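Asker: For reference, the structure I am asking about is given below.
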Amino acid sequence: MTELHNLTEDHAARRRAAKVMPNGVYGHQSAISLLEGFPQFIQRTEGCRVWDLDGNEYVDFLCGYGIVLLGYHHPLVDAAIEHQMRLADCSNGPGLVMVELAELLVETVDHADWAIFAKNGTDATTTCVTIARSGTGRRKVLVAEGAYHGSAPWCTPRMNGVVDEDRAHLIKFRYNDTASFHAAVEAAGTDMAAVIVSPFRHDARHDQELVDPDFARAVRRACDDKDAALILDDVRCGFRIAHGGSWEPIGVKPDLSAWSKAIANGQPLAAVLGNERFREGATKIFVTGSFWFSAVPMAAAIATIHALRDEGALQKIIAAGDRLRTGLAAQASSYGLTINQTGPSQMPLLTFAGDVDLMRADLWARTTAMNGAYLHPWHNWFMMAAHTADDVDRALLATDAGFAAVRDKFGAD
Ligand code: PMP
């Protein structure tokens, strides 16, 4: 580690954390998985920059794992938060903002006729599955192999603490593989409640794969034939790909969609959106949570959705992603390294050719972090509207150091 990148305070905080939390910080934010060079704790955020406990500054390309869309502390979102905070947040009933946000989402997202709100993506995907079963009276749910839909027992990637019964009615298929999908439909027989899919294949530790529109149409047709629910898990992509849902550009409408992450620009909120076919199924279930009605995140979501349109945020996000990709491609080629850049411009990922054990990716991301840009070695990145050309160029200085380190250790291809 360079002297510029001192993580003394961060490491002291990790030692304290390990004493009072299992494994220290857990889940996707455990920096253990990111190895040396990445800070565990973040002290301050502004625009597209984050600062750790030791005062190191990073251009952030993870956006809190996707929750920040416009930028940290966007003035209009912050103003909406402050205004609502003074009125009411959590109480005996929700604020009127709940209805206003449902109206705005129904107006914005084409397939949606109603909305239910929750806190996390897992709440939203799980609620979608429950509504699909309630609405169809059937049990089987088709899920793509390796897809992440949350951390509840039915979908967590780790089986510790999970029993077979939690997974009893899941049938797997391969993403974008219509034949394997049809085999799963066949296996479900007359008991098919739903298919749950992400807008594109964004599994960690894999190159990303855009959806084949023919595959998406085949899924839609099968759900129509079987009168089952097509659930789009838009938790990670929602509002980053398109205003009306991430399959809007390919013209395939889900029956139910799960949202969280970016919808309130960093405030804790999730949503399930659904069509008339599944309204009755939704009225019959009982889902709730002590904090699911909090008004502040809902006010933040309304401000976020307006700003997304009014500020042409998506175009900015795409332009920043394209600039980053162009710069990375030129750098890799100048070092004689073969890389693969996958996914949409808004959610890029870079992998190195032949890097099966991800050692190149680890070294690259770690060195890049130590030089001031926060990019993940094997989870897709997220672009935000606050990334200016100057921010991207600043980050490219850091990635250049990352490529140099990879070339020095592993040689050119
Ligand atoms: N679905 C997808 C596609 C996700 O990316 C995630 C979170 N990474 C989830 C569901 C679960 O969301 P949460 O962590 O908020 O429960």
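Here, A, B, ... name the chains of the structure tokens in the order displayed, residue numbers run from 1 inside each chain, and ligands are numbered from 1 in the same displayed order.
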Produce as a ChimeraX atom specification the set of residues near ligand 1, where near means within 6 Å with only C-alpha atoms and all ligand atoms considered.
Answerer: /A:120-122,148-150,233,235-236
Asker: Counting only C-alpha atoms, what is within 8 Å of range 280-287 of chain A, bar same-chain residues fewer than 4 positions away, as a PyMOL selection string?
Answerer: chain A and resi 127+130-136+276
Asker: Name the residues of range 227-366 of chain A that fall into strand (DSSP E or B) according to DSSP on the backbone, using the chain letters and numbers of this document, as a count of residues only.
Answerer: 22
Asker: If we count only C-alpha atoms and set the cut-off at 10 Å, which residues sit around Pro344 in chain A, ignoring sequence neighbours fewer than 5 positions away in its own chain? Please answer as a list in words.
Answerer: Phe200, Gln208, Glu209, Leu210, Arg240, Ile241, Ile318, Gly321, Asp322, Leu349 and Phe382 of chain A
Asker: I need the chosen residues saved as an mmCIF file, in the first residue's frame, with N, CA, C and O atoms.
Answerer:
```cif
data_model
loop_
_atom_site.group_PDB
_atom_site.id
_atom_site.type_symbol
_atom_site.label_atom_id
_atom_site.label_comp_id
_atom_site.auth_asym_id
_atom_site.auth_seq_id
_atom_site.Cartn_x
_atom_site.Cartn_y
_atom_site.Cartn_z
ATOM 1 N N PHE A 200 -31.334 -8.349 -17.464
ATOM 2 C CA PHE A 200 -30.255 -8.990 -18.210
ATOM 3 C C PHE A 200 -29.482 -9.839 -17.220
ATOM 4 O O PHE A 200 -29.744 -9.788 -16.008
ATOM 5 N N GLN A 208 -21.314 -10.094 -18.053
ATOM 6 C CA GLN A 208 -22.746 -9.819 -18.115
ATOM 7 C C GLN A 208 -23.265 -10.196 -19.505
ATOM 8 O O GLN A 208 -22.512 -10.207 -20.472
ATOM 9 N N GLU A 209 -24.554 -10.477 -19.573
ATOM 10 C CA GLU A 209 -25.148 -10.908 -20.829
ATOM 11 C C GLU A 209 -26.470 -10.167 -21.032
ATOM 12 O O GLU A 209 -27.370 -10.291 -20.192
ATOM 13 N N LEU A 210 -26.570 -9.378 -22.083
ATOM 14 C CA LEU A 210 -27.827 -8.663 -22.335
ATOM 15 C C LEU A 210 -28.913 -9.674 -22.680
ATOM 16 O O LEU A 210 -28.620 -10.772 -23.159
ATOM 17 N N ARG A 240 -32.245 2.712 -14.144
ATOM 18 C CA ARG A 240 -30.936 2.963 -14.756
ATOM 19 C C ARG A 240 -30.932 2.646 -16.245
ATOM 20 O O ARG A 240 -30.133 3.154 -16.994
ATOM 21 N N ILE A 241 -31.856 1.761 -16.634
ATOM 22 C CA ILE A 241 -31.888 1.312 -18.032
ATOM 23 C C ILE A 241 -32.913 2.119 -18.822
ATOM 24 O O ILE A 241 -32.645 2.565 -19.941
ATOM 25 N N ILE A 318 -25.366 7.339 -19.242
ATOM 26 C CA ILE A 318 -24.876 6.570 -20.392
ATOM 27 C C ILE A 318 -23.587 7.196 -20.933
ATOM 28 O O ILE A 318 -22.615 6.487 -21.227
ATOM 29 N N GLY A 321 -20.711 6.332 -18.715
ATOM 30 C CA GLY A 321 -20.343 4.923 -18.867
ATOM 31 C C GLY A 321 -19.568 4.700 -20.161
ATOM 32 O O GLY A 321 -18.565 3.965 -20.177
ATOM 33 N N ASP A 322 -20.015 5.341 -21.225
ATOM 34 C CA ASP A 322 -19.319 5.184 -22.513
ATOM 35 C C ASP A 322 -17.902 5.761 -22.438
ATOM 36 O O ASP A 322 -16.959 5.188 -22.976
ATOM 37 N N LEU A 349 -18.970 -3.702 -16.606
ATOM 38 C CA LEU A 349 -18.079 -4.624 -15.898
ATOM 39 C C LEU A 349 -16.929 -4.966 -16.827
ATOM 40 O O LEU A 349 -17.120 -5.063 -18.041
ATOM 41 N N PHE A 382 -21.840 0.617 -11.224
ATOM 42 C CA PHE A 382 -23.009 1.448 -11.493
ATOM 43 C C PHE A 382 -22.537 2.866 -11.810
ATOM 44 O O PHE A 382 -21.733 3.427 -11.064
#
```
Asker: Point out the residue among A:Ala330, A:Ala412, A:Leu256, A:Ala222 with the least atom-to-atom distance to Arg279 in chain A, counting only C-alpha atoms.
Answerer: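 Of all the options, A:Leu256 lies closest to Arg279 in chain A.
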Asker: Show me, as a VMD selection string, the residues that have an atom within 12 Å of range 98-105 of chain A when counting only C-alpha atoms, minus same-chain residues fewer than 5 positions from it.
Answerer: chain A and resid 84 89 to 90 93 110 to 118 238 to 239 243 to 245 257 259 263 to 264 269 to 274 292 to 306
Asker: Report, in Å with one decimal, the straight-line distance from CA of Pro75 in chain A to CA of Arg309 in chain A.
Answerer: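 Atom-to-atom, CA of Pro75 in chain A and CA of Arg309 in chain A are spaced 15.3 Å apart.
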